[in-house]
Amino acid sequence: MISARRVLGRLAYGSRYDRLPLGQRVYVRPGERFARQVQWRWRLRRAPVLSLEDYAATRELGEIEEFLSCMMCGEPRQQPLFEPTGDKGWRYHVVRCPSCGFLYRNPNVRPERLGDLYSSGYSGFLTGAYAANRQRRYQLTMEAFSPVLDQGEGRRLLDFGSGVGLFLELAEQRGFDACGVDLSPDSVERANARLTRARAYHGAPEDVPEIAAGGFDVITLWSVLAHLPRPLDDFQSFRDLLAPGGVLLILTVNARSLQLKTFGSAWSGFTKNHLMFYSSETLPTLLRRTGFAGVAYVPHYGDTIEAGTARMPGPLQWRLRRAVDATDGGNMMRALAFADEEAIARWGDGLKVHRLRRAGLPSAPAGPRDLSDSSEMAT
């Protein structure tokens with residue numbers, strides 16, 4: 001059965017955009033981005049706002065799950081928005097914080113059970129179709145933040161959530177003294193089989209003496225941020241592990257994506273193991289509360305567009321870039337967080353750095369049902 005959306009799209013645009021991937025059409029069809037913004041505001045207006053207790057009464061709690069207040073501002077109220085469902089039977093609920101706009105899965109996975117998601121077979125996913133263009137994406141992001149990762153000689157790098165070592169291999173080639181950690185034991189085994197000088201470890205940074213000692217010039221999180229159930233704890237650890245002048249590189253799905261506003265629960269960013277969903281509006285709160293001095297963003301237009309391999313006419317590529325820039329609506333978010341003013345001075349040239357105010361904000365994370373003493377919005 002043809003969906004109403006496809007019928008309306010055909011009536012409005014005919015077949016002229018049919019050769020484009022569906023995810024690209026939302027950026028280039030005339031009037032599309034404005035319609036999606038209106039659709040998003042309408043969705044937020046219609047969605048109820050519930051107390052945590054009332055919300056929890058409507059949801060089943062899985063064996064490895066817990067109910068949460070907002071991890072960014074501590075707000076206990078919930079605005080249910082999405083119910084992503086996978087073809088292998090998984091399903092979860094995504095809520096929005098009505099105070100700061102943060103999107104997260106609720107109920108969420110308990111931190112001590114996070115390893116259950118990666119205990120076996122995860123490396124097969126990382127080396128299958130998912131991995132086909134991973135290194136190209138890494139290269140494009142490193143170029144976007146050049147010269148931060150151009151030369152690694154004499155610099156230490158930690159890849160947090162290093163998977164099967166695809167990025168560590170690139171870091172080796174650029175001369176970094178590199179290591180990684182991952183919760184998937186089979187991924188770590190595969191990573192070490194492909195690496196020459198770099199090494200991957202199973203577990204958390206504090207479990208590995210060489211990593212726990214800190215002093216890293218660069219920490220990278222490639223599609224990892226959405227997997228962290230206690231981001232404030234993790235980012236405080238990252239800040240402690242960075243050397244003076246150090247930077248944290250983040251690539252994650254973008255909660256301001258036009259694709260999210262278009263596809264809703266069917267958005268590609270809602271995958272089985274994703275727990276929390278950030279944007280340039282909510283990430284600064286996380287960074288500010290954990291001691292970072294600033295953050296810069298580079299828009300993501302899509303790998304094929306940036307690599308020059310997209311089968312899209314030049315005028316439509318220009319229209320896509322304009323739509324992403326106007327809405328901060330790329331499907332991925334790329335951010336560079338600066339540990340201190342020294343890092344900004346060293347690596348901030350050519351980037352629009354947003355300095356982070358931290359006055360009066362607590363550094364400790366809110367508990368699963370606790371209110372934080374701050375509700376400051378990200379700026």
# chains A, B, ... in the order shown; residues from 1 in each chain; ligands from 1
>>> residues_around(residues="stretch 310-314 of chain A", least_positions_apart="2", cutoff="12 Å", atoms="only C-alpha atoms", output="list in words")
Arg16, Tyr17, Asp18, Arg19, Leu20, Pro21, Gln24, Arg25, Val28, Tyr301, Gly302, Asp303, Thr304, Ile305, Glu306, Ala307, Gly308, Leu316, Gln317, Trp318, Arg319, Leu320 and Arg321 of chain A
>>> residues_around(residues="stretch 269-285 of chain A", least_positions_apart="2", cutoff="9 Å", atoms="only C-alpha atoms", output="PDB file with N, CA, C and O atoms, in the first residue's frame")
ATOM      1  N   MET A  72      20.712  15.860  31.388  1.00  0.00           N
ATOM      2  CA  MET A  72      21.337  17.157  31.161  1.00  0.00           C
ATOM      3  C   MET A  72      20.943  18.179  32.221  1.00  0.00           C
ATOM      4  O   MET A  72      21.786  18.899  32.741  1.00  0.00           O
ATOM      5  N   CYS A  73      19.654  18.246  32.570  1.00  0.00           N
ATOM      6  CA  CYS A  73      19.218  19.289  33.506  1.00  0.00           C
ATOM      7  C   CYS A  73      18.505  18.746  34.732  1.00  0.00           C
ATOM      8  O   CYS A  73      18.157  19.508  35.630  1.00  0.00           O
ATOM      9  N   PRO A  84      10.678   3.783  18.370  1.00  0.00           N
ATOM     10  CA  PRO A  84      11.430   3.062  17.328  1.00  0.00           C
ATOM     11  C   PRO A  84      11.270   1.554  17.482  1.00  0.00           C
ATOM     12  O   PRO A  84      11.227   1.031  18.599  1.00  0.00           O
ATOM     13  N   THR A  85      11.213   0.862  16.338  1.00  0.00           N
ATOM     14  CA  THR A  85      11.054  -0.582  16.318  1.00  0.00           C
ATOM     15  C   THR A  85      11.977  -1.160  15.253  1.00  0.00           C
ATOM     16  O   THR A  85      12.066  -0.624  14.149  1.00  0.00           O
ATOM     17  N   GLY A  86      12.676  -2.245  15.597  1.00  0.00           N
ATOM     18  CA  GLY A  86      13.582  -2.879  14.652  1.00  0.00           C
ATOM     19  C   GLY A  86      12.989  -4.107  14.012  1.00  0.00           C
ATOM     20  O   GLY A  86      12.035  -4.709  14.516  1.00  0.00           O
ATOM     21  N   TRP A  90      13.254  -5.654  18.337  1.00  0.00           N
ATOM     22  CA  TRP A  90      13.535  -4.717  19.422  1.00  0.00           C
ATOM     23  C   TRP A  90      12.617  -3.501  19.308  1.00  0.00           C
ATOM     24  O   TRP A  90      12.183  -3.110  18.231  1.00  0.00           O
ATOM     25  N   ARG A  91      12.356  -2.889  20.449  1.00  0.00           N
ATOM     26  CA  ARG A  91      11.493  -1.716  20.525  1.00  0.00           C
ATOM     27  C   ARG A  91      11.866  -0.918  21.768  1.00  0.00           C
ATOM     28  O   ARG A  91      12.192  -1.499  22.811  1.00  0.00           O
ATOM     29  N   TYR A  92      11.850   0.392  21.662  1.00  0.00           N
ATOM     30  CA  TYR A  92      12.025   1.222  22.856  1.00  0.00           C
ATOM     31  C   TYR A  92      11.273   2.540  22.685  1.00  0.00           C
ATOM     32  O   TYR A  92      10.690   2.809  21.632  1.00  0.00           O
ATOM     33  N   VAL A  94      11.330   6.833  23.148  1.00  0.00           N
ATOM     34  CA  VAL A  94      12.175   8.024  23.211  1.00  0.00           C
ATOM     35  C   VAL A  94      11.334   9.192  23.701  1.00  0.00           C
ATOM     36  O   VAL A  94      10.230   9.439  23.188  1.00  0.00           O
ATOM     37  N   CYS A 100      14.846  21.329  28.677  1.00  0.00           N
ATOM     38  CA  CYS A 100      16.027  21.653  27.875  1.00  0.00           C
ATOM     39  C   CYS A 100      15.999  21.054  26.481  1.00  0.00           C
ATOM     40  O   CYS A 100      16.888  21.320  25.672  1.00  0.00           O
ATOM     41  N   GLY A 101      14.998  20.223  26.169  1.00  0.00           N
ATOM     42  CA  GLY A 101      14.868  19.675  24.826  1.00  0.00           C
ATOM     43  C   GLY A 101      15.683  18.426  24.553  1.00  0.00           C
ATOM     44  O   GLY A 101      15.694  17.939  23.416  1.00  0.00           O
ATOM     45  N   PHE A 102      16.352  17.856  25.556  1.00  0.00           N
ATOM     46  CA  PHE A 102      17.174  16.666  25.352  1.00  0.00           C
ATOM     47  C   PHE A 102      16.309  15.463  25.017  1.00  0.00           C
ATOM     48  O   PHE A 102      15.265  15.229  25.630  1.00  0.00           O
ATOM     49  N   LEU A 103      16.740  14.673  24.013  1.00  0.00           N
ATOM     50  CA  LEU A 103      16.049  13.445  23.623  1.00  0.00           C
ATOM     51  C   LEU A 103      16.785  12.240  24.178  1.00  0.00           C
ATOM     52  O   LEU A 103      18.005  12.142  24.031  1.00  0.00           O
ATOM     53  N   TYR A 104      16.055  11.319  24.787  1.00  0.00           N
ATOM     54  CA  TYR A 104      16.698  10.123  25.315  1.00  0.00           C
ATOM     55  C   TYR A 104      15.706   8.981  25.429  1.00  0.00           C
ATOM     56  O   TYR A 104      14.496   9.172  25.474  1.00  0.00           O
ATOM     57  N   ARG A 105      16.268   7.800  25.439  1.00  0.00           N
ATOM     58  CA  ARG A 105      15.494   6.567  25.587  1.00  0.00           C
ATOM     59  C   ARG A 105      15.070   6.421  27.045  1.00  0.00           C
ATOM     60  O   ARG A 105      15.880   6.599  27.954  1.00  0.00           O
ATOM     61  N   ASN A 106      13.786   6.114  27.266  1.00  0.00           N
ATOM     62  CA  ASN A 106      13.305   5.956  28.635  1.00  0.00           C
ATOM     63  C   ASN A 106      12.134   4.970  28.630  1.00  0.00           C
ATOM     64  O   ASN A 106      11.118   5.224  27.970  1.00  0.00           O
ATOM     65  N   ASN A 108      15.791   3.436  30.160  1.00  0.00           N
ATOM     66  CA  ASN A 108      17.116   3.346  29.579  1.00  0.00           C
ATOM     67  C   ASN A 108      17.856   2.137  30.152  1.00  0.00           C
ATOM     68  O   ASN A 108      17.368   1.490  31.087  1.00  0.00           O
ATOM     69  N   VAL A 109      19.018   1.841  29.606  1.00  0.00           N
ATOM     70  CA  VAL A 109      19.806   0.692  30.058  1.00  0.00           C
ATOM     71  C   VAL A 109      20.608   1.073  31.299  1.00  0.00           C
ATOM     72  O   VAL A 109      21.246   2.131  31.333  1.00  0.00           O
ATOM     73  N   LEU A 117      24.795  -5.471  25.851  1.00  0.00           N
ATOM     74  CA  LEU A 117      24.480  -5.126  24.470  1.00  0.00           C
ATOM     75  C   LEU A 117      25.606  -5.482  23.510  1.00  0.00           C
ATOM     76  O   LEU A 117      25.397  -5.528  22.296  1.00  0.00           O
ATOM     77  N   TYR A 118      26.811  -5.722  24.045  1.00  0.00           N
ATOM     78  CA  TYR A 118      27.981  -5.910  23.192  1.00  0.00           C
ATOM     79  C   TYR A 118      28.753  -7.183  23.523  1.00  0.00           C
ATOM     80  O   TYR A 118      29.872  -7.365  23.069  1.00  0.00           O
ATOM     81  N   VAL A 224      29.819   6.975  19.219  1.00  0.00           N
ATOM     82  CA  VAL A 224      29.821   6.356  20.541  1.00  0.00           C
ATOM     83  C   VAL A 224      28.929   7.106  21.523  1.00  0.00           C
ATOM     84  O   VAL A 224      28.315   6.502  22.400  1.00  0.00           O
ATOM     85  N   LEU A 225      28.840   8.429  21.379  1.00  0.00           N
ATOM     86  CA  LEU A 225      28.152   9.239  22.382  1.00  0.00           C
ATOM     87  C   LEU A 225      26.733   8.759  22.639  1.00  0.00           C
ATOM     88  O   LEU A 225      26.270   8.736  23.786  1.00  0.00           O
ATOM     89  N   ALA A 226      26.021   8.351  21.596  1.00  0.00           N
ATOM     90  CA  ALA A 226      24.631   7.908  21.760  1.00  0.00           C
ATOM     91  C   ALA A 226      24.515   6.621  22.560  1.00  0.00           C
ATOM     92  O   ALA A 226      23.420   6.248  22.985  1.00  0.00           O
ATOM     93  N   HIS A 227      25.639   5.929  22.790  1.00  0.00           N
ATOM     94  CA  HIS A 227      25.628   4.648  23.498  1.00  0.00           C
ATOM     95  C   HIS A 227      25.895   4.783  24.998  1.00  0.00           C
ATOM     96  O   HIS A 227      25.880   3.781  25.710  1.00  0.00           O
ATOM     97  N   LEU A 228      26.146   5.989  25.507  1.00  0.00           N
ATOM     98  CA  LEU A 228      26.584   6.154  26.889  1.00  0.00           C
ATOM     99  C   LEU A 228      25.406   6.386  27.831  1.00  0.00           C
ATOM    100  O   LEU A 228      24.696   7.386  27.702  1.00  0.00           O
ATOM    101  N   PRO A 229      25.190   5.502  28.833  1.00  0.00           N
ATOM    102  CA  PRO A 229      24.058   5.661  29.735  1.00  0.00           C
ATOM    103  C   PRO A 229      24.292   6.678  30.850  1.00  0.00           C
ATOM    104  O   PRO A 229      23.334   7.153  31.459  1.00  0.00           O
ATOM    105  N   THR A 252      28.399  11.963  16.115  1.00  0.00           N
ATOM    106  CA  THR A 252      27.219  11.264  16.616  1.00  0.00           C
ATOM    107  C   THR A 252      26.009  11.656  15.786  1.00  0.00           C
ATOM    108  O   THR A 252      26.049  12.616  15.011  1.00  0.00           O
ATOM    109  N   VAL A 253      24.924  10.912  15.923  1.00  0.00           N
ATOM    110  CA  VAL A 253      23.702  11.273  15.221  1.00  0.00           C
ATOM    111  C   VAL A 253      23.186  12.608  15.765  1.00  0.00           C
ATOM    112  O   VAL A 253      23.374  12.930  16.943  1.00  0.00           O
ATOM    113  N   ASN A 254      22.543  13.375  14.895  1.00  0.00           N
ATOM    114  CA  ASN A 254      22.148  14.732  15.221  1.00  0.00           C
ATOM    115  C   ASN A 254      20.654  14.802  15.535  1.00  0.00           C
ATOM    116  O   ASN A 254      19.808  14.549  14.665  1.00  0.00           O
ATOM    117  N   ALA A 255      20.321  15.171  16.767  1.00  0.00           N
ATOM    118  CA  ALA A 255      18.916  15.240  17.180  1.00  0.00           C
ATOM    119  C   ALA A 255      18.188  16.446  16.597  1.00  0.00           C
ATOM    120  O   ALA A 255      16.989  16.614  16.849  1.00  0.00           O
ATOM    121  N   ARG A 256      18.870  17.295  15.813  1.00  0.00           N
ATOM    122  CA  ARG A 256      18.202  18.375  15.084  1.00  0.00           C
ATOM    123  C   ARG A 256      18.057  18.023  13.591  1.00  0.00           C
ATOM    124  O   ARG A 256      17.678  18.874  12.793  1.00  0.00           O
ATOM    125  N   SER A 257      18.352  16.797  13.252  1.00  0.00           N
ATOM    126  CA  SER A 257      18.334  16.373  11.856  1.00  0.00           C
ATOM    127  C   SER A 257      16.966  16.597  11.205  1.00  0.00           C
ATOM    128  O   SER A 257      15.919  16.289  11.788  1.00  0.00           O
ATOM    129  N   LEU A 260      15.177  13.301  11.078  1.00  0.00           N
ATOM    130  CA  LEU A 260      14.418  12.937  12.272  1.00  0.00           C
ATOM    131  C   LEU A 260      13.045  13.597  12.232  1.00  0.00           C
ATOM    132  O   LEU A 260      12.018  12.957  12.511  1.00  0.00           O
ATOM    133  N   SER A 265       9.760   8.063  14.179  1.00  0.00           N
ATOM    134  CA  SER A 265      10.242   6.821  14.795  1.00  0.00           C
ATOM    135  C   SER A 265      11.057   5.964  13.837  1.00  0.00           C
ATOM    136  O   SER A 265      11.815   5.096  14.267  1.00  0.00           O
ATOM    137  N   ALA A 266      10.926   6.190  12.532  1.00  0.00           N
ATOM    138  CA  ALA A 266      11.677   5.425  11.538  1.00  0.00           C
ATOM    139  C   ALA A 266      13.021   6.065  11.203  1.00  0.00           C
ATOM    140  O   ALA A 266      13.710   5.596  10.288  1.00  0.00           O
ATOM    141  N   TRP A 267      13.417   7.106  11.926  1.00  0.00           N
ATOM    142  CA  TRP A 267      14.703   7.778  11.686  1.00  0.00           C
ATOM    143  C   TRP A 267      15.855   6.797  11.827  1.00  0.00           C
ATOM    144  O   TRP A 267      15.868   5.949  12.722  1.00  0.00           O
ATOM    145  N   LEU A 287      29.135  19.341  28.073  1.00  0.00           N
ATOM    146  CA  LEU A 287      30.527  19.776  28.082  1.00  0.00           C
ATOM    147  C   LEU A 287      30.788  20.798  29.190  1.00  0.00           C
ATOM    148  O   LEU A 287      31.818  20.754  29.877  1.00  0.00           O
ATOM    149  N   ARG A 288      29.871  21.728  29.367  1.00  0.00           N
ATOM    150  CA  ARG A 288      30.032  22.763  30.388  1.00  0.00           C
ATOM    151  C   ARG A 288      30.081  22.155  31.781  1.00  0.00           C
ATOM    152  O   ARG A 288      30.925  22.514  32.606  1.00  0.00           O
ATOM    153  N   ARG A 289      29.201  21.217  32.037  1.00  0.00           N
ATOM    154  CA  ARG A 289      29.106  20.628  33.372  1.00  0.00           C
ATOM    155  C   ARG A 289      30.297  19.733  33.697  1.00  0.00           C
ATOM    156  O   ARG A 289      30.526  19.405  34.873  1.00  0.00           O
ATOM    157  N   THR A 290      31.048  19.324  32.695  1.00  0.00           N
ATOM    158  CA  THR A 290      32.190  18.436  32.941  1.00  0.00           C
ATOM    159  C   THR A 290      33.530  19.133  32.714  1.00  0.00           C
ATOM    160  O   THR A 290      34.560  18.475  32.623  1.00  0.00           O
ATOM    161  N   GLY A 294      35.301  25.009  25.665  1.00  0.00           N
ATOM    162  CA  GLY A 294      34.641  25.473  24.452  1.00  0.00           C
ATOM    163  C   GLY A 294      34.325  24.328  23.522  1.00  0.00           C
ATOM    164  O   GLY A 294      34.774  23.190  23.721  1.00  0.00           O
ATOM    165  N   VAL A 295      33.549  24.633  22.493  1.00  0.00           N
ATOM    166  CA  VAL A 295      33.172  23.615  21.507  1.00  0.00           C
ATOM    167  C   VAL A 295      32.994  24.292  20.151  1.00  0.00           C
ATOM    168  O   VAL A 295      32.581  25.449  20.062  1.00  0.00           O
ATOM    169  N   TYR A 297      31.687  23.336  15.933  1.00  0.00           N
ATOM    170  CA  TYR A 297      30.957  22.390  15.105  1.00  0.00           C
ATOM    171  C   TYR A 297      31.319  22.590  13.633  1.00  0.00           C
ATOM    172  O   TYR A 297      31.597  23.711  13.202  1.00  0.00           O
ATOM    173  N   ASP A 328      20.792  23.632  10.850  1.00  0.00           N
ATOM    174  CA  ASP A 328      21.651  22.750  11.645  1.00  0.00           C
ATOM    175  C   ASP A 328      21.085  21.334  11.569  1.00  0.00           C
ATOM    176  O   ASP A 328      21.044  20.611  12.553  1.00  0.00           O
ATOM    177  N   ASN A 331      22.335  14.976   9.194  1.00  0.00           N
ATOM    178  CA  ASN A 331      21.946  13.770   9.928  1.00  0.00           C
ATOM    179  C   ASN A 331      22.971  13.355  10.972  1.00  0.00           C
ATOM    180  O   ASN A 331      22.667  12.555  11.850  1.00  0.00           O
ATOM    181  N   MET A 332      24.183  13.867  10.866  1.00  0.00           N
ATOM    182  CA  MET A 332      25.215  13.612  11.872  1.00  0.00           C
ATOM    183  C   MET A 332      25.673  14.947  12.447  1.00  0.00           C
ATOM    184  O   MET A 332      25.604  15.984  11.781  1.00  0.00           O
ATOM    185  N   MET A 333      26.159  14.917  13.682  1.00  0.00           N
ATOM    186  CA  MET A 333      26.741  16.090  14.314  1.00  0.00           C
ATOM    187  C   MET A 333      28.232  15.842  14.531  1.00  0.00           C
ATOM    188  O   MET A 333      28.623  14.800  15.056  1.00  0.00           O
ATOM    189  N   ALA A 335      31.576  17.559  16.310  1.00  0.00           N
ATOM    190  CA  ALA A 335      31.946  18.574  17.283  1.00  0.00           C
ATOM    191  C   ALA A 335      33.368  18.342  17.778  1.00  0.00           C
ATOM    192  O   ALA A 335      33.825  17.203  17.882  1.00  0.00           O
ATOM    193  N   HIS A 354      32.561  28.180  20.438  1.00  0.00           N
ATOM    194  CA  HIS A 354      31.584  28.648  21.415  1.00  0.00           C
ATOM    195  C   HIS A 354      32.162  28.385  22.805  1.00  0.00           C
ATOM    196  O   HIS A 354      32.309  27.229  23.206  1.00  0.00           O
ATOM    197  N   LEU A 356      32.192  28.109  26.802  1.00  0.00           N
ATOM    198  CA  LEU A 356      31.172  27.541  27.668  1.00  0.00           C
ATOM    199  C   LEU A 356      31.230  28.188  29.043  1.00  0.00           C
ATOM    200  O   LEU A 356      32.272  28.150  29.707  1.00  0.00           O
ATOM    201  N   GLU A 376      19.706  25.358  33.755  1.00  0.00           N
ATOM    202  CA  GLU A 376      20.193  26.307  32.757  1.00  0.00           C
ATOM    203  C   GLU A 376      20.152  25.689  31.375  1.00  0.00           C
ATOM    204  O   GLU A 376      20.561  24.551  31.169  1.00  0.00           O
ATOM    205  N   MET A 377      19.675  26.437  30.430  1.00  0.00           N
ATOM    206  CA  MET A 377      19.609  25.974  29.057  1.00  0.00           C
ATOM    207  C   MET A 377      20.957  26.108  28.396  1.00  0.00           C
ATOM    208  O   MET A 377      21.724  27.006  28.708  1.00  0.00           O
ATOM    209  N   ALA A 378      21.254  25.204  27.445  1.00  0.00           N
ATOM    210  CA  ALA A 378      22.463  25.339  26.644  1.00  0.00           C
ATOM    211  C   ALA A 378      22.344  26.560  25.755  1.00  0.00           C
ATOM    212  O   ALA A 378      21.279  26.876  25.243  1.00  0.00           O
ATOM    213  N   THR A 379      23.453  27.252  25.579  1.00  0.00           N
ATOM    214  CA  THR A 379      23.474  28.424  24.702  1.00  0.00           C
ATOM    215  C   THR A 379      24.479  28.220  23.595  1.00  0.00           C
ATOM    216  O   THR A 379      25.359  27.395  23.709  1.00  0.00           O
TER     217      THR A 379
END
>>> closest_residue(among="A:Arg46, A:Arg77, A:Arg357, A:Lys261", to="A:Phe34", atoms="only C-alpha atoms")
A:Lys261
>>> closest_residue(among="A:Leu44, A:Val148, A:Leu221, A:Ile211", to="A:Ser162", atoms="only C-alpha atoms")
A:Leu221
>>> closest_residue(among="A:Gln259, A:Gln151, A:Thr309, A:Ser237", to="A:Ala339", atoms="only C-alpha atoms")
A:Ser237
>>> residues_around(residues="A:Glu53", least_positions_apart="3", cutoff="12 Å", atoms="only C-alpha atoms", output="list in words")
Val49, Leu50, Ala56, Ala57, Thr58, Arg59, Phe67, Leu68, Ser69, Pro76, Arg77, Gln78 and Arg369 of chain A
>>> write_last_selection(atoms="all heavy atoms", output="tab-separated table (two decimals), in the first residue's frame")
chain	number	residue	atom	x	y	z
A	49	VAL	N	2.93	16.21	28.34
A	49	VAL	CA	4.04	16.28	29.28
A	49	VAL	C	3.58	15.60	30.57
A	49	VAL	O	2.56	15.99	31.16
A	49	VAL	CB	4.46	17.74	29.57
A	49	VAL	CG1	5.53	17.78	30.65
A	49	VAL	CG2	4.96	18.40	28.29
A	50	LEU	N	4.31	14.54	30.97
A	50	LEU	CA	3.90	13.72	32.10
A	50	LEU	C	4.92	13.78	33.22
A	50	LEU	O	6.12	13.97	32.97
A	50	LEU	CB	3.75	12.25	31.66
A	50	LEU	CG	2.85	11.97	30.45
A	50	LEU	CD1	2.95	10.49	30.10
A	50	LEU	CD2	1.42	12.36	30.72
A	56	ALA	N	6.11	6.39	34.01
A	56	ALA	CA	6.57	5.04	34.33
A	56	ALA	C	5.41	4.06	34.46
A	56	ALA	O	5.55	2.87	34.16
A	56	ALA	CB	7.39	5.06	35.63
A	57	ALA	N	4.27	4.57	34.87
A	57	ALA	CA	3.10	3.69	35.03
A	57	ALA	C	2.58	3.19	33.69
A	57	ALA	O	1.82	2.21	33.65
A	57	ALA	CB	1.99	4.44	35.78
A	58	THR	N	3.00	3.81	32.59
A	58	THR	CA	2.51	3.42	31.26
A	58	THR	C	3.51	2.58	30.49
A	58	THR	O	3.25	2.21	29.35
A	58	THR	CB	2.18	4.67	30.42
A	58	THR	OG1	3.40	5.38	30.10
A	58	THR	CG2	1.24	5.60	31.17
A	59	ARG	N	4.67	2.27	31.08
A	59	ARG	CA	5.73	1.58	30.36
A	59	ARG	C	6.19	0.36	31.15
A	59	ARG	O	6.30	0.39	32.37
A	59	ARG	CB	6.93	2.50	30.14
A	59	ARG	CG	6.63	3.76	29.34
A	59	ARG	CD	6.41	3.44	27.88
A	59	ARG	NE	6.20	4.65	27.09
A	59	ARG	CZ	5.03	5.14	26.73
A	59	ARG	NH1	3.92	4.52	27.12
A	59	ARG	NH2	4.94	6.23	25.98
A	67	PHE	N	14.21	3.71	34.85
A	67	PHE	CA	13.62	4.97	34.43
A	67	PHE	C	14.54	6.12	34.84
A	67	PHE	O	15.17	6.09	35.90
A	67	PHE	CB	12.24	5.16	35.07
A	67	PHE	CG	11.19	4.26	34.47
A	67	PHE	CD1	10.70	3.16	35.18
A	67	PHE	CD2	10.69	4.52	33.20
A	67	PHE	CE1	9.74	2.34	34.62
A	67	PHE	CE2	9.73	3.70	32.63
A	67	PHE	CZ	9.25	2.61	33.34
A	68	LEU	N	14.60	7.15	33.98
A	68	LEU	CA	15.52	8.27	34.20
A	68	LEU	C	14.81	9.60	34.20
A	68	LEU	O	13.79	9.79	33.53
A	68	LEU	CB	16.56	8.32	33.08
A	68	LEU	CG	17.54	7.17	32.90
A	68	LEU	CD1	18.44	7.46	31.71
A	68	LEU	CD2	18.36	6.96	34.15
A	69	SER	N	15.37	10.55	34.95
A	69	SER	CA	15.12	11.96	34.72
A	69	SER	C	16.12	12.43	33.67
A	69	SER	O	17.03	11.69	33.30
A	69	SER	CB	15.30	12.76	36.02
A	69	SER	OG	14.39	12.34	37.01
A	76	PRO	N	12.46	15.92	35.84
A	76	PRO	CA	11.84	14.58	35.88
A	76	PRO	C	10.66	14.42	34.92
A	76	PRO	O	10.27	13.28	34.63
A	76	PRO	CB	11.36	14.49	37.33
A	76	PRO	CG	11.07	15.90	37.73
A	76	PRO	CD	12.07	16.76	37.00
A	77	ARG	N	10.10	15.51	34.43
A	77	ARG	CA	8.95	15.36	33.53
A	77	ARG	C	9.37	14.79	32.18
A	77	ARG	O	10.49	14.98	31.74
A	77	ARG	CB	8.25	16.71	33.35
A	77	ARG	CG	7.59	17.26	34.61
A	77	ARG	CD	6.96	18.61	34.33
A	77	ARG	NE	7.96	19.56	33.86
A	77	ARG	CZ	7.68	20.65	33.14
A	77	ARG	NH1	6.43	20.89	32.77
A	77	ARG	NH2	8.65	21.47	32.76
A	78	GLN	N	8.43	14.13	31.54
A	78	GLN	CA	8.70	13.41	30.30
A	78	GLN	C	7.71	13.84	29.21
A	78	GLN	O	6.51	13.99	29.49
A	78	GLN	CB	8.53	11.90	30.51
A	78	GLN	CG	9.21	11.34	31.75
A	78	GLN	CD	10.68	11.12	31.54
A	78	GLN	OE1	11.09	10.45	30.60
A	78	GLN	NE2	11.50	11.72	32.41
A	369	ARG	N	16.41	9.21	39.35
A	369	ARG	CA	15.15	9.85	39.68
A	369	ARG	C	15.37	11.16	40.43
A	369	ARG	O	14.45	11.68	41.06
A	369	ARG	CB	14.27	8.91	40.51
A	369	ARG	CG	13.84	7.66	39.80
A	369	ARG	CD	13.07	6.75	40.73
A	369	ARG	NE	11.88	7.40	41.29
A	369	ARG	CZ	10.69	7.37	40.70
A	369	ARG	NH1	10.54	6.76	39.55
A	369	ARG	NH2	9.66	7.96	41.26
>>> select_by_dssp(residues="stretch 31-85 of chain A", states="strand (DSSP E or B)", output="list in words")
Leu50, Glu65, Glu66, Gln78, Gln79, Pro80, Leu81, Phe82 and Thr85 of chain A
>>> atom_distance(atom1="atom CA of A:Val164", atom2="atom CA of A:Leu249")
18.6 Å
>>> select_by_dssp(residues="stretch 124-332 of chain A", states="helix (DSSP H, G or I)", output="ChimeraX atom specification")
/A:124-127,129-131,134-144,166-173,185-194,205-207,209-212,225-227,231-241,258-266,283-289,303-307,314-327
>>> atom_distance(atom1="atom CA of A:Val26", atom2="atom CA of A:Asp87")
24.0 Å
>>> residues_around(residues="stretch 178-193 of chain A", least_positions_apart="6", cutoff="7 Å", atoms="only C-alpha atoms", output="list in words")
Gly115, Tyr118, Ser119, Ser120, Tyr122, Ser123, Arg156, Leu157, Leu158, Asp159, Phe160, Gly161, Ser162, Gly163, Val164, Gly165, Leu168, Ala171, Glu172, Arg199, Ala200, Tyr201, His202, Gly203, Ala204 and Pro205 of chain A
>>> residues_around(residues="A:Ala144", least_positions_apart="2", cutoff="10 Å", atoms="only C-alpha atoms", output="list in words")
Tyr138, Gln139, Leu140, Thr141, Met142, Ser146, Pro147, Val148, Leu149, Tyr297, Val298, Pro299, His300, Glu306, Arg334 and Leu351 of chain A
>>> closest_residue(among="A:Thr220, A:Ala198, A:Leu22, A:Arg230", to="A:Leu114", atoms="only C-alpha atoms")
A:Arg230
